Amino acid sequence: MLDIQAIADHAHQGAAALGIKQYDIYGSSVDDAGVEVDSGEPKQVEASNRASVIVRVWNDKGLVGVTSTTDLDAAGISLALETAAEASAFGITDNIPDFSPEAQVPIGGAENDVAEPAPMGDLIATLVKAEQDLLSSHPAITGVPYNGLSEQTTERFYLNSAGAKRYECRSYASIYLYSRAEQEGKKPRSAGEMKISRDLASLDIDGCLQTVKEKTLSHLDYRPIPTGKYTVVFSPRAFLSLLSAFSNLYNAQSILDKQSLATKETLGTAIASELLCVSDDALHPGNISAERFDGEGTPTRRVDIIKNGILTGLLHSAGTAKRFNAQPTGHANIGAKITVGAHFYHVYSEEASEKSYSLDKAENVVYIDKLQALHAGVNSLQGSFSLPFDGWLVNKGEKQSIDAATVAGDFLEVLKSIIYLEPEAEVTPGGVCPRVWVEGLAITGE
């Protein structure tokens with residue numbers, strides 16, 4: 001494990017020798033072990049350690065220089081400080097970053113949550129069995145072309161010349177299965193699922209298997225869907241992926257860079273149905289990979305983004321918070337340019353809907369399980385999207401797999417067209433979210 005006190009001592013001594021008065025350092029180290037299998041045999045077995053350390057130095061004129069290193073001994077840190085100091089001569093002169101005002105605020109919770117890693121042989125045997133169980137579950141399932149089982153331990157730290165010093169260590173295990181089914185005279189069909197947990201022992205492998213099996217078999221009998229406007233029900237993961245694709249809406253840095261669907265004036269206005277509430281909550285109990293502080297040492301916290309349809313909050317770094325006359329929220333990613341990013345979403349509703357909806361009773365609604373090609377089918381600056389999807393046409397609980405289709409629309413219109421959020425939420429790797437009902441979306445069939 002990283003010795004944060006030794007790193008702090010090396011930095012203090014190196015800065016003193018170089019005459020550097022102001023600096024900070026953020027770093028992470030990731031130990032990763034993972035396996036993939038094919039037809040009962042290991043396809044890929046790997047273990048790696050990745051380290052990344054960012055060093056910032058402010059010169060006597062207040063300009064900042066940035067460099068990176070992977071060497072955390074005294075000589076490596078001293079060289080990084082010297083390099084960053086030299087780079088500071090070319091630092092930006094507008095909106096110069098500074099220490100977070102909350103870099104030394106006490107943080108609650110345990111700094112370590114680490115499980116003992118399983119032997120590599122156990123990972124291989126577990127994944128081989130999972131593949132065999134899935135293949136034997138139905139004759140139509142002919143392969144599991146994409147799969148993986150991994151364990152990861154991540155250490156993170158932040159320190160600065162003003163005395164801030166933070167450290168945490170987390171570990172988790174994850175499994176991914178993606179099946180392929182074939183029947184004579186029909187197109188191949190597929191489905192995938194991912195599960196994540198603290199360790200291998202608590203990983204819901206059976207649940208992952210069952211979900212993949214059920215989804216795969218439900219897609220075997222597929223039909224085309226007529227093009228038209230439909231009420232669409234987004235699965236929790238599908239809605240969260242769409243929310244993430246348009247995250248510039250509530251990203252303060254994107255707003256300042258004029259790369260957002262929102263402006264400063266949008267804050268406090270209605271942008272969605274009054275049924276919708278969205279928070280970013282890094283410390284939510286469902287977040288297996290929770291982070292207690294960001295790249296600037298600011299404690300993470302729950303941030304209300306949308307409250308009853310109103311844009312109530314933005315994700316901030318220390319720099320964006322200063323320019324908005326707000327407080328940093330713990331969402332900074334430190335680097336040559338500080339960026340802002342979300343941690344873990346929580347989507348819910350506080351308002352009672354005038355009408356409740358159920359897939360068991362609804363007629364002619366499209367249930368979208370997974371959105372595809374988000375990298376190509378989203379124009380985040382215009383707010384538009386056109387995406388292929390995996391899903392079903394649902395009539396009173398009966399699901400008919402859709403052959404091939406795309407869903408298209410405007411994200412802001414989607415938010416305003418939400419008619420229902422189901423009461424039961426699902427915990428996913430990206431957040432907690434219920435099924436979300438949206439009316440009047442364009443579906444193009446093939």
# chains A, B, ... in the order shown; residues from 1 in each chain; ligands from 1
>>> residues_around(residues="Lys187 in chain A", least_positions_apart="4", cutoff="10 Å", atoms="only C-alpha atoms", output="PDB file with N, CA and C atoms, in the first residue's frame")
ATOM      1  N   ALA A 181     -26.938 -16.234 -29.412  1.00  0.00           N
ATOM      2  CA  ALA A 181     -27.888 -17.312 -29.688  1.00  0.00           C
ATOM      3  C   ALA A 181     -28.160 -17.385 -31.180  1.00  0.00           C
ATOM      4  N   GLU A 182     -28.265 -18.612 -31.695  1.00  0.00           N
ATOM      5  CA  GLU A 182     -28.503 -18.807 -33.123  1.00  0.00           C
ATOM      6  C   GLU A 182     -29.592 -19.852 -33.329  1.00  0.00           C
ATOM      7  N   GLN A 183     -30.479 -19.575 -34.295  1.00  0.00           N
ATOM      8  CA  GLN A 183     -31.497 -20.523 -34.722  1.00  0.00           C
ATOM      9  C   GLN A 183     -31.554 -20.513 -36.239  1.00  0.00           C
ATOM     10  N   LEU A 220     -35.297 -14.303 -29.033  1.00  0.00           N
ATOM     11  CA  LEU A 220     -35.278 -15.290 -30.110  1.00  0.00           C
ATOM     12  C   LEU A 220     -36.454 -15.117 -31.070  1.00  0.00           C
ATOM     13  N   TYR A 222     -38.363 -12.639 -32.659  1.00  0.00           N
ATOM     14  CA  TYR A 222     -38.351 -11.193 -32.909  1.00  0.00           C
ATOM     15  C   TYR A 222     -39.198 -10.835 -34.129  1.00  0.00           C
ATOM     16  N   ASP A 403     -37.045  -6.559 -33.821  1.00  0.00           N
ATOM     17  CA  ASP A 403     -35.996  -7.001 -34.738  1.00  0.00           C
ATOM     18  C   ASP A 403     -34.830  -6.019 -34.750  1.00  0.00           C
TER      19      ASP A 403
END
>>> closest_atom_pairs(of="range 199-268 of chain A", to="range 107-115 of chain A", cutoff="12 Å", atoms="only C-alpha atoms", output="Markdown table")
| residue | atom | partner | partner_atom | distance |
| --- | --- | --- | --- | --- |
| A:Asp199 | CA | A:Ala115 | CA | 6.1 |
| A:Leu200 | CA | A:Ala115 | CA | 9.0 |
| A:Ala201 | CA | A:Ala115 | CA | 9.8 |
| A:Ser202 | CA | A:Ala115 | CA | 10.7 |
>>> residues_around(residues="Met1 in chain A", least_positions_apart="2", cutoff="10 Å", atoms="only C-alpha atoms", output="CSV table (one decimal) with C-alpha atoms, in the first residue's frame")
chain,number,residue,atom,x,y,z
A,3,ASP,CA,2.9,5.3,2.2
A,4,ILE,CA,1.2,8.7,2.1
A,29,SER,CA,-2.5,3.2,-8.1
A,154,THR,CA,-7.5,1.2,-6.1
A,155,GLU,CA,-5.5,3.6,-3.9
A,169,CYS,CA,-8.2,2.4,-0.7
>>> closest_residue(among="A:Ala87, A:Val30, A:Ile443, A:Leu393", to="Ala408 in chain A", atoms="only C-alpha atoms")
A:Ile443
>>> residues_around(residues="Pro429 in chain A", least_positions_apart="6", cutoff="10 Å", atoms="only C-alpha atoms", output="PyMOL selection string")
chain A and resi 174+194-197+237+286-289+344-345
>>> select_by_dssp(residues="range 95-206 of chain A", states="alpha helix (DSSP H)", output="number ranges by chain")
A: 120-135, 205-206
>>> closest_residue(among="A:Gly330, A:Pro434, A:Pro106, A:Gly341", to="Phe239 in chain A", atoms="only C-alpha atoms")
A:Pro434
>>> residues_around(residues="range 306-309 of chain A", least_positions_apart="2", cutoff="9 Å", atoms="only C-alpha atoms", output="PyMOL selection string")
chain A and resi 250+269-279+304+311-313+349-351+415-416
>>> write_last_selection(atoms="N, CA, C and O atoms", output="PDB file, in the first residue's frame")
ATOM      1  N   TYR A 250     -25.422  19.888 -16.851  1.00  0.00           N
ATOM      2  CA  TYR A 250     -25.237  20.265 -15.448  1.00  0.00           C
ATOM      3  C   TYR A 250     -23.763  20.283 -15.049  1.00  0.00           C
ATOM      4  O   TYR A 250     -23.430  20.233 -13.879  1.00  0.00           O
ATOM      5  N   THR A 269     -34.245  27.221 -13.369  1.00  0.00           N
ATOM      6  CA  THR A 269     -35.408  27.171 -14.259  1.00  0.00           C
ATOM      7  C   THR A 269     -35.859  25.721 -14.465  1.00  0.00           C
ATOM      8  O   THR A 269     -35.112  24.775 -14.217  1.00  0.00           O
ATOM      9  N   ALA A 270     -37.078  25.556 -14.939  1.00  0.00           N
ATOM     10  CA  ALA A 270     -37.630  24.229 -15.189  1.00  0.00           C
ATOM     11  C   ALA A 270     -37.070  23.680 -16.496  1.00  0.00           C
ATOM     12  O   ALA A 270     -37.198  24.305 -17.541  1.00  0.00           O
ATOM     13  N   ILE A 271     -36.467  22.504 -16.427  1.00  0.00           N
ATOM     14  CA  ILE A 271     -35.920  21.876 -17.632  1.00  0.00           C
ATOM     15  C   ILE A 271     -36.506  20.490 -17.858  1.00  0.00           C
ATOM     16  O   ILE A 271     -36.199  19.849 -18.864  1.00  0.00           O
ATOM     17  N   ALA A 272     -37.330  20.011 -16.919  1.00  0.00           N
ATOM     18  CA  ALA A 272     -37.836  18.646 -17.004  1.00  0.00           C
ATOM     19  C   ALA A 272     -39.225  18.569 -16.381  1.00  0.00           C
ATOM     20  O   ALA A 272     -39.707  19.528 -15.779  1.00  0.00           O
ATOM     21  N   SER A 273     -39.847  17.428 -16.536  1.00  0.00           N
ATOM     22  CA  SER A 273     -41.111  17.166 -15.859  1.00  0.00           C
ATOM     23  C   SER A 273     -40.936  17.331 -14.354  1.00  0.00           C
ATOM     24  O   SER A 273     -39.881  17.001 -13.801  1.00  0.00           O
ATOM     25  N   GLU A 274     -41.960  17.838 -13.684  1.00  0.00           N
ATOM     26  CA  GLU A 274     -41.871  18.027 -12.236  1.00  0.00           C
ATOM     27  C   GLU A 274     -41.771  16.696 -11.489  1.00  0.00           C
ATOM     28  O   GLU A 274     -41.494  16.670 -10.292  1.00  0.00           O
ATOM     29  N   LEU A 275     -41.946  15.591 -12.201  1.00  0.00           N
ATOM     30  CA  LEU A 275     -41.799  14.274 -11.578  1.00  0.00           C
ATOM     31  C   LEU A 275     -40.339  13.889 -11.373  1.00  0.00           C
ATOM     32  O   LEU A 275     -40.038  13.005 -10.572  1.00  0.00           O
ATOM     33  N   LEU A 276     -39.421  14.552 -12.095  1.00  0.00           N
ATOM     34  CA  LEU A 276     -38.032  14.095 -12.129  1.00  0.00           C
ATOM     35  C   LEU A 276     -37.147  14.779 -11.099  1.00  0.00           C
ATOM     36  O   LEU A 276     -37.104  16.005 -11.012  1.00  0.00           O
ATOM     37  N   CYS A 277     -36.421  13.963 -10.347  1.00  0.00           N
ATOM     38  CA  CYS A 277     -35.353  14.424  -9.458  1.00  0.00           C
ATOM     39  C   CYS A 277     -34.093  13.636  -9.787  1.00  0.00           C
ATOM     40  O   CYS A 277     -34.141  12.414  -9.946  1.00  0.00           O
ATOM     41  N   VAL A 278     -32.970  14.336  -9.886  1.00  0.00           N
ATOM     42  CA  VAL A 278     -31.687  13.694 -10.159  1.00  0.00           C
ATOM     43  C   VAL A 278     -30.636  14.257  -9.221  1.00  0.00           C
ATOM     44  O   VAL A 278     -30.491  15.482  -9.099  1.00  0.00           O
ATOM     45  N   SER A 279     -29.920  13.380  -8.559  1.00  0.00           N
ATOM     46  CA  SER A 279     -28.785  13.780  -7.722  1.00  0.00           C
ATOM     47  C   SER A 279     -27.542  13.038  -8.178  1.00  0.00           C
ATOM     48  O   SER A 279     -27.622  11.980  -8.806  1.00  0.00           O
ATOM     49  N   ASP A 304     -27.786  17.824  -5.437  1.00  0.00           N
ATOM     50  CA  ASP A 304     -29.072  17.808  -6.139  1.00  0.00           C
ATOM     51  C   ASP A 304     -28.917  18.566  -7.456  1.00  0.00           C
ATOM     52  O   ASP A 304     -28.636  19.765  -7.467  1.00  0.00           O
ATOM     53  N   LEU A 311     -33.641  22.775 -12.567  1.00  0.00           N
ATOM     54  CA  LEU A 311     -32.188  22.626 -12.511  1.00  0.00           C
ATOM     55  C   LEU A 311     -31.680  23.386 -11.283  1.00  0.00           C
ATOM     56  O   LEU A 311     -31.601  24.614 -11.290  1.00  0.00           O
ATOM     57  N   THR A 312     -31.377  22.657 -10.227  1.00  0.00           N
ATOM     58  CA  THR A 312     -31.047  23.283  -8.942  1.00  0.00           C
ATOM     59  C   THR A 312     -29.566  23.317  -8.618  1.00  0.00           C
ATOM     60  O   THR A 312     -29.142  24.063  -7.737  1.00  0.00           O
ATOM     61  N   GLY A 313     -28.763  22.507  -9.289  1.00  0.00           N
ATOM     62  CA  GLY A 313     -27.347  22.456  -8.939  1.00  0.00           C
ATOM     63  C   GLY A 313     -26.488  22.010 -10.099  1.00  0.00           C
ATOM     64  O   GLY A 313     -26.961  21.369 -11.043  1.00  0.00           O
ATOM     65  N   SER A 349     -38.348  10.233  -7.792  1.00  0.00           N
ATOM     66  CA  SER A 349     -39.436  11.195  -7.888  1.00  0.00           C
ATOM     67  C   SER A 349     -39.983  11.493  -6.507  1.00  0.00           C
ATOM     68  O   SER A 349     -40.133  10.585  -5.679  1.00  0.00           O
ATOM     69  N   GLU A 350     -40.248  12.763  -6.257  1.00  0.00           N
ATOM     70  CA  GLU A 350     -40.888  13.169  -5.005  1.00  0.00           C
ATOM     71  C   GLU A 350     -42.359  13.495  -5.209  1.00  0.00           C
ATOM     72  O   GLU A 350     -43.143  13.493  -4.253  1.00  0.00           O
ATOM     73  N   GLU A 351     -42.729  13.773  -6.456  1.00  0.00           N
ATOM     74  CA  GLU A 351     -44.102  14.147  -6.760  1.00  0.00           C
ATOM     75  C   GLU A 351     -44.921  12.909  -7.124  1.00  0.00           C
ATOM     76  O   GLU A 351     -44.447  12.032  -7.849  1.00  0.00           O
ATOM     77  N   LEU A 415     -36.801  14.951 -21.275  1.00  0.00           N
ATOM     78  CA  LEU A 415     -36.951  15.284 -19.859  1.00  0.00           C
ATOM     79  C   LEU A 415     -38.328  15.880 -19.569  1.00  0.00           C
ATOM     80  O   LEU A 415     -38.943  15.592 -18.536  1.00  0.00           O
ATOM     81  N   LYS A 416     -38.820  16.697 -20.473  1.00  0.00           N
ATOM     82  CA  LYS A 416     -40.122  17.333 -20.264  1.00  0.00           C
ATOM     83  C   LYS A 416     -41.289  16.387 -20.538  1.00  0.00           C
ATOM     84  O   LYS A 416     -42.415  16.657 -20.114  1.00  0.00           O
TER      85      LYS A 416
END
>>> closest_residue(among="A:Ser386, A:Gln210, A:Ser317, A:Thr216", to="Ser190 in chain A", atoms="only C-alpha atoms")
A:Thr216
>>> residues_around(residues="range 33-46 of chain A", least_positions_apart="6", cutoff="10 Å", atoms="only C-alpha atoms", output="PyMOL selection string")
chain A and resi 117-121+123-132+135+143-153+173-176
>>> write_last_selection(atoms="N, CA and C atoms", output="mmCIF file, in the first residue's frame")
data_model
loop_
_atom_site.group_PDB
_atom_site.id
_atom_site.type_symbol
_atom_site.label_atom_id
_atom_site.label_comp_id
_atom_site.auth_asym_id
_atom_site.auth_seq_id
_atom_site.Cartn_x
_atom_site.Cartn_y
_atom_site.Cartn_z
ATOM 1 N N PRO A 117 -7.787 -10.428 -2.195
ATOM 2 C CA PRO A 117 -8.001 -10.886 -3.575
ATOM 3 C C PRO A 117 -7.992 -12.409 -3.668
ATOM 4 N N ALA A 118 -8.811 -12.927 -4.573
ATOM 5 C CA ALA A 118 -8.863 -14.370 -4.794
ATOM 6 C C ALA A 118 -7.703 -14.803 -5.695
ATOM 7 N N PRO A 119 -7.243 -16.051 -5.558
ATOM 8 C CA PRO A 119 -6.204 -16.555 -6.460
ATOM 9 C C PRO A 119 -6.677 -16.531 -7.907
ATOM 10 N N MET A 120 -5.738 -16.352 -8.834
ATOM 11 C CA MET A 120 -6.092 -16.300 -10.252
ATOM 12 C C MET A 120 -6.792 -17.575 -10.695
ATOM 13 N N GLY A 121 -6.394 -18.711 -10.125
ATOM 14 C CA GLY A 121 -7.031 -19.978 -10.472
ATOM 15 C C GLY A 121 -8.508 -19.996 -10.127
ATOM 16 N N LEU A 123 -10.470 -17.337 -10.118
ATOM 17 C CA LEU A 123 -11.148 -16.498 -11.108
ATOM 18 C C LEU A 123 -11.414 -17.285 -12.390
ATOM 19 N N ILE A 124 -10.404 -18.039 -12.836
ATOM 20 C CA ILE A 124 -10.557 -18.832 -14.064
ATOM 21 C C ILE A 124 -11.644 -19.886 -13.884
ATOM 22 N N ALA A 125 -11.575 -20.626 -12.784
ATOM 23 C CA ALA A 125 -12.547 -21.697 -12.550
ATOM 24 C C ALA A 125 -13.964 -21.144 -12.440
ATOM 25 N N THR A 126 -14.115 -20.010 -11.789
ATOM 26 C CA THR A 126 -15.439 -19.403 -11.629
ATOM 27 C C THR A 126 -16.021 -18.970 -12.958
ATOM 28 N N LEU A 127 -15.202 -18.347 -13.805
ATOM 29 C CA LEU A 127 -15.697 -17.871 -15.092
ATOM 30 C C LEU A 127 -15.948 -19.032 -16.055
ATOM 31 N N VAL A 128 -15.106 -20.055 -16.018
ATOM 32 C CA VAL A 128 -15.334 -21.236 -16.858
ATOM 33 C C VAL A 128 -16.677 -21.871 -16.517
ATOM 34 N N LYS A 129 -16.966 -22.002 -15.233
ATOM 35 C CA LYS A 129 -18.247 -22.583 -14.809
ATOM 36 C C LYS A 129 -19.418 -21.711 -15.247
ATOM 37 N N ALA A 130 -19.266 -20.384 -15.114
ATOM 38 C CA ALA A 130 -20.332 -19.482 -15.536
ATOM 39 C C ALA A 130 -20.600 -19.624 -17.029
ATOM 40 N N GLU A 131 -19.551 -19.717 -17.828
ATOM 41 C CA GLU A 131 -19.718 -19.899 -19.268
ATOM 42 C C GLU A 131 -20.417 -21.223 -19.562
ATOM 43 N N GLN A 132 -19.993 -22.298 -18.905
ATOM 44 C CA GLN A 132 -20.594 -23.609 -19.143
ATOM 45 C C GLN A 132 -22.066 -23.635 -18.732
ATOM 46 N N LEU A 135 -24.057 -21.799 -21.416
ATOM 47 C CA LEU A 135 -24.155 -22.567 -22.658
ATOM 48 C C LEU A 135 -25.113 -23.752 -22.522
ATOM 49 N N GLY A 143 -22.809 -19.547 -27.753
ATOM 50 C CA GLY A 143 -21.515 -19.003 -27.367
ATOM 51 C C GLY A 143 -21.645 -17.856 -26.386
ATOM 52 N N VAL A 144 -20.533 -17.584 -25.726
ATOM 53 C CA VAL A 144 -20.427 -16.429 -24.832
ATOM 54 C C VAL A 144 -19.179 -15.665 -25.291
ATOM 55 N N PRO A 145 -19.287 -14.972 -26.434
ATOM 56 C CA PRO A 145 -18.091 -14.407 -27.066
ATOM 57 C C PRO A 145 -17.399 -13.323 -26.253
ATOM 58 N N TYR A 146 -18.152 -12.621 -25.427
ATOM 59 C CA TYR A 146 -17.554 -11.585 -24.590
ATOM 60 C C TYR A 146 -17.860 -11.903 -23.132
ATOM 61 N N ASN A 147 -16.807 -11.995 -22.354
ATOM 62 C CA ASN A 147 -16.966 -12.297 -20.937
ATOM 63 C C ASN A 147 -15.741 -11.809 -20.183
ATOM 64 N N GLY A 148 -15.883 -11.648 -18.905
ATOM 65 C CA GLY A 148 -14.745 -11.222 -18.094
ATOM 66 C C GLY A 148 -15.067 -11.279 -16.619
ATOM 67 N N LEU A 149 -14.078 -11.646 -15.828
ATOM 68 C CA LEU A 149 -14.187 -11.645 -14.375
ATOM 69 C C LEU A 149 -12.926 -10.995 -13.843
ATOM 70 N N SER A 150 -13.081 -9.973 -13.026
ATOM 71 C CA SER A 150 -11.901 -9.238 -12.575
ATOM 72 C C SER A 150 -12.036 -8.781 -11.131
ATOM 73 N N GLU A 151 -10.900 -8.533 -10.521
ATOM 74 C CA GLU A 151 -10.816 -7.919 -9.204
ATOM 75 C C GLU A 151 -9.887 -6.715 -9.313
ATOM 76 N N GLN A 152 -10.240 -5.658 -8.606
ATOM 77 C CA GLN A 152 -9.455 -4.433 -8.697
ATOM 78 C C GLN A 152 -9.337 -3.785 -7.325
ATOM 79 N N THR A 153 -8.144 -3.313 -7.033
ATOM 80 C CA THR A 153 -7.898 -2.537 -5.822
ATOM 81 C C THR A 153 -7.313 -1.195 -6.224
ATOM 82 N N ALA A 173 -15.009 -6.505 -7.150
ATOM 83 C CA ALA A 173 -14.968 -7.553 -8.163
ATOM 84 C C ALA A 173 -16.132 -7.348 -9.123
ATOM 85 N N SER A 174 -15.963 -7.742 -10.374
ATOM 86 C CA SER A 174 -17.029 -7.579 -11.363
ATOM 87 C C SER A 174 -17.013 -8.728 -12.353
ATOM 88 N N ILE A 175 -18.196 -9.041 -12.888
ATOM 89 C CA ILE A 175 -18.325 -10.068 -13.918
ATOM 90 C C ILE A 175 -19.174 -9.514 -15.050
ATOM 91 N N TYR A 176 -18.811 -9.887 -16.284
ATOM 92 C CA TYR A 176 -19.557 -9.473 -17.467
ATOM 93 C C TYR A 176 -19.753 -10.683 -18.356
#
>>> closest_residue(among="A:Ser179, A:Thr69, A:Ser353, A:Gln372", to="His219 in chain A", atoms="only C-alpha atoms")
A:Ser179
>>> residues_around(residues="Lys61 in chain A", least_positions_apart="3", cutoff="12 Å", atoms="only C-alpha atoms", output="list in words")
Ile20, Lys21, Gln22, Val57, Trp58, Val64, Gly65, Ala85, Ser88, Ala89, Phe90, Gly91, Ile92, Thr93 and Ile96 of chain A
>>> closest_residue(among="A:Leu314, A:Val340, A:Gly445, A:Glu82", to="Gly268 in chain A", atoms="only C-alpha atoms")
A:Leu314
>>> select_by_dssp(residues="range 165-351 of chain A", states="strand (DSSP E)", output="ChimeraX atom specification")
/A:165-181,189-197,222-223,228-234,277-281,302-307,310-311,332-333,339-340,345-348
>>> closest_residue(among="A:Ile402, A:Leu267, A:Ala8, A:Ala425", to="Arg189 in chain A", atoms="only C-alpha atoms")
A:Ile402
